[in-house]
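Novice: Let me give you the structure first, and then I'll get to my questions.
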Amino acid sequence: MTRVGISGSHRSKKKRITLMLAPVAALAVAIPLMAQAGAATPSEVAADCQSDPATLEKCEFVDVQFKRNSLGPNERVSAISDNCGIDSTATKTFSVTASVSRQIQIETGRVIDGGITLGNSVFEVGGKFTDQTFNLTSDTKTSTLSFSRTDTVLANNTAFFMWSAKRTDVSGFLKATYKEAQDGRTVFFSPAEGAATVHVFYPQLLKDGTPDGRLWLRNVQCSATTSTTSDDGNVASLRDADSGAEQAGFGEGGSGVTDVEIPLSEVTPG
């Protein structure tokens with residue numbers, strides 16, 4: 001009888017130990033699963049900085065380096081004046097309008113708005129690079145250069161004005177702070193802390209508040225538009241591209257294209 005009693009007590013104790021260990025084992029499994037869930041990737045950080053989800057506390061642009069006088073896209077900023085089939089030059093009046101605004105470009109080359117989440121930090125960074133020599137557009141407003149000018153269209157050519165804005169290119173990375181911890185932390189970066197692949201382009205302004213940049217008159221031979229290629233691609237696109245579309249830069253149009261730079265000091269906005 002005594003042996004039976006001892007044996008029964010021993011089995012009962014083993015059962016109690018097993019029951020006590022079960023919740024501990026379950027918790028041990030749950031902890032790694034929690035640690036693996038929800039950590040924000042660099043691409044998700046970039047997306048959140050644009051969309052401003054409820055989970056995001058704030059998103060900041062952190063500057064690492066900068067470059068003055070960085071030229072922006074080459075854009076046609078006037079209507080096309082046609083002098084095709086005419087063996088003499090023609091004097092034409094051009095109405096020119098060029099607009100610039102601050103741009104935020106993430107590492108994939110995609111331009112985002114970021115006005116809601118990144119606005120304050122981008123504005124503050126822009127203020128760091130504004131001085132007596134360089135006045136920058138650091139907020140979301142648009143600055144415009146608009147004027148009329150009479151120039152010469154070459155014989156058997158079309159002509160139009162081209163523009164490339166001068167900008168201060170500040171590069172860095174995004175820093176996102178979330179309201180709740182993910183993978184044990186609340187701060188994440190895109191693409192990485194210390195990287196310089198997120199660009200904010202701040203337009204440089206002249207003292208009168210108009211945009212600074214390179215302005216030139218481009219003449220394109222009418223015969224050149226029948227060709228399929230030039231030194232830099234499709235010549236026809238030099239004449240036929242929509243206003244604002246990216247085109248070949250100054251002096252890069254190839255055969256049949258003549259570029260003449262117009263100093264901004266010779267332009268009277270109005």
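The chains in the structure tokens are called A, B, ... from first to last as shown; in each chain the residues are counted from 1, and the ligands are counted from 1 in the order shown.
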Tell me which protein, DNA and RNA residues are within 12 Å of range 172-176 of chain A, counting only C-alpha atoms, leaving out same-chain ones fewer than 3 positions away, and put them as an NGL selection string.

Specialist: :A and (40-50 or 52-53 or 55-67 or 104-107 or 114 or 117-118 or 121-122 or 125 or 169 or 179-182 or 185-201)

Novice: I need the strand (DSSP E or B) residues of range 49-175 of chain A per DSSP on the backbone, written as an NGL selection string.

Specialist: :A and (56-71 or 75-76 or 78 or 81-82 or 90-101 or 103-105 or 111-112 or 135-136 or 142-153 or 157-175)

Novice: Neighbours of Glu261 in chain A within 7 Å (only C-alpha atoms; same-chain residues fewer than 4 positions away dropped), as an MDAnalysis selection string?

Specialist: chainID A and resid 215:217

Novice: What does the distance between CA of Val170 in chain A and CA of Pro73 in chain A come to in Å, to one decimal place?

Specialist: 16.4 Å

Novice: If we count only C-alpha atoms and set the cut-off at 9 Å, which residues sit around Asn69 in chain A, ignoring sequence neighbours fewer than 6 positions away in its own chain? Please answer as a compact mmCIF listing (two decimals) with C-alpha atoms, in the first residue's frame.

Specialist:
# COMPACT_ATOMS: atom_id res chain seq x y z
CA ALA A 165 16.51 75.59 -64.18
CA LYS A 166 19.43 76.02 -61.79
CA ARG A 167 18.85 74.16 -58.55
CA THR A 168 20.61 73.33 -55.33
CA ASP A 169 20.61 69.54 -55.13
CA GLN A 204 17.63 78.95 -57.13
CA GLY A 213 18.69 78.94 -65.06

Novice: Each residue of range 39-130 of chain A lying at most 10 Å from range 249-258 of chain A should get a row with its shortest atom-to-atom pair and the distance in Å to one decimal, counting only C-alpha atoms; could you produce that, ordered by chain and increasing number, as JSON lines?

Specialist:
{"residue": "A:Leu71", "atom": "CA", "partner": "A:Gly249", "partner_atom": "CA", "distance": 9.8}
{"residue": "A:Gly72", "atom": "CA", "partner": "A:Gly249", "partner_atom": "CA", "distance": 10.0}
{"residue": "A:Pro73", "atom": "CA", "partner": "A:Gly249", "partner_atom": "CA", "distance": 8.3}
{"residue": "A:Asn74", "atom": "CA", "partner": "A:Gly249", "partner_atom": "CA", "distance": 5.7}
{"residue": "A:Glu75", "atom": "CA", "partner": "A:Gly249", "partner_atom": "CA", "distance": 8.8}

Novice: Keeping C-alpha atoms, export the residues of the selection given above as a PDB file, in the first residue's frame.

Specialist:
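Once everything was written out, this is out.pdb:
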ATOM      1  CA  LEU A  71      20.801  71.997 -63.925  1.00  0.00           C
ATOM      2  CA  GLY A  72      17.301  70.572 -64.097  1.00  0.00           C
ATOM      3  CA  PRO A  73      15.458  68.950 -67.026  1.00  0.00           C
ATOM      4  CA  ASN A  74      15.736  70.508 -70.494  1.00  0.00           C
ATOM      5  CA  GLU A  75      12.269  71.783 -71.384  1.00  0.00           C
TER       6      GLU A  75
END

Novice: In terms of the shortest atom-to-atom distance over only C-alpha atoms, which of A:Leu145, A:Val153, A:Ile262, A:Ala159 is closest to Thr210 in chain A?

Specialist: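 Between A:Leu145, A:Val153, A:Ile262, A:Ala159, the residue approaching Thr210 in chain A most closely is A:Leu145.
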
Novice: List the spatial neighbours of Ser101 in chain A as a ChimeraX atom specification - criterion: any atom at most 7 Å away, only C-alpha atoms, same-chain residues fewer than 6 positions off excluded.

Specialist: /A:137,140-143,203
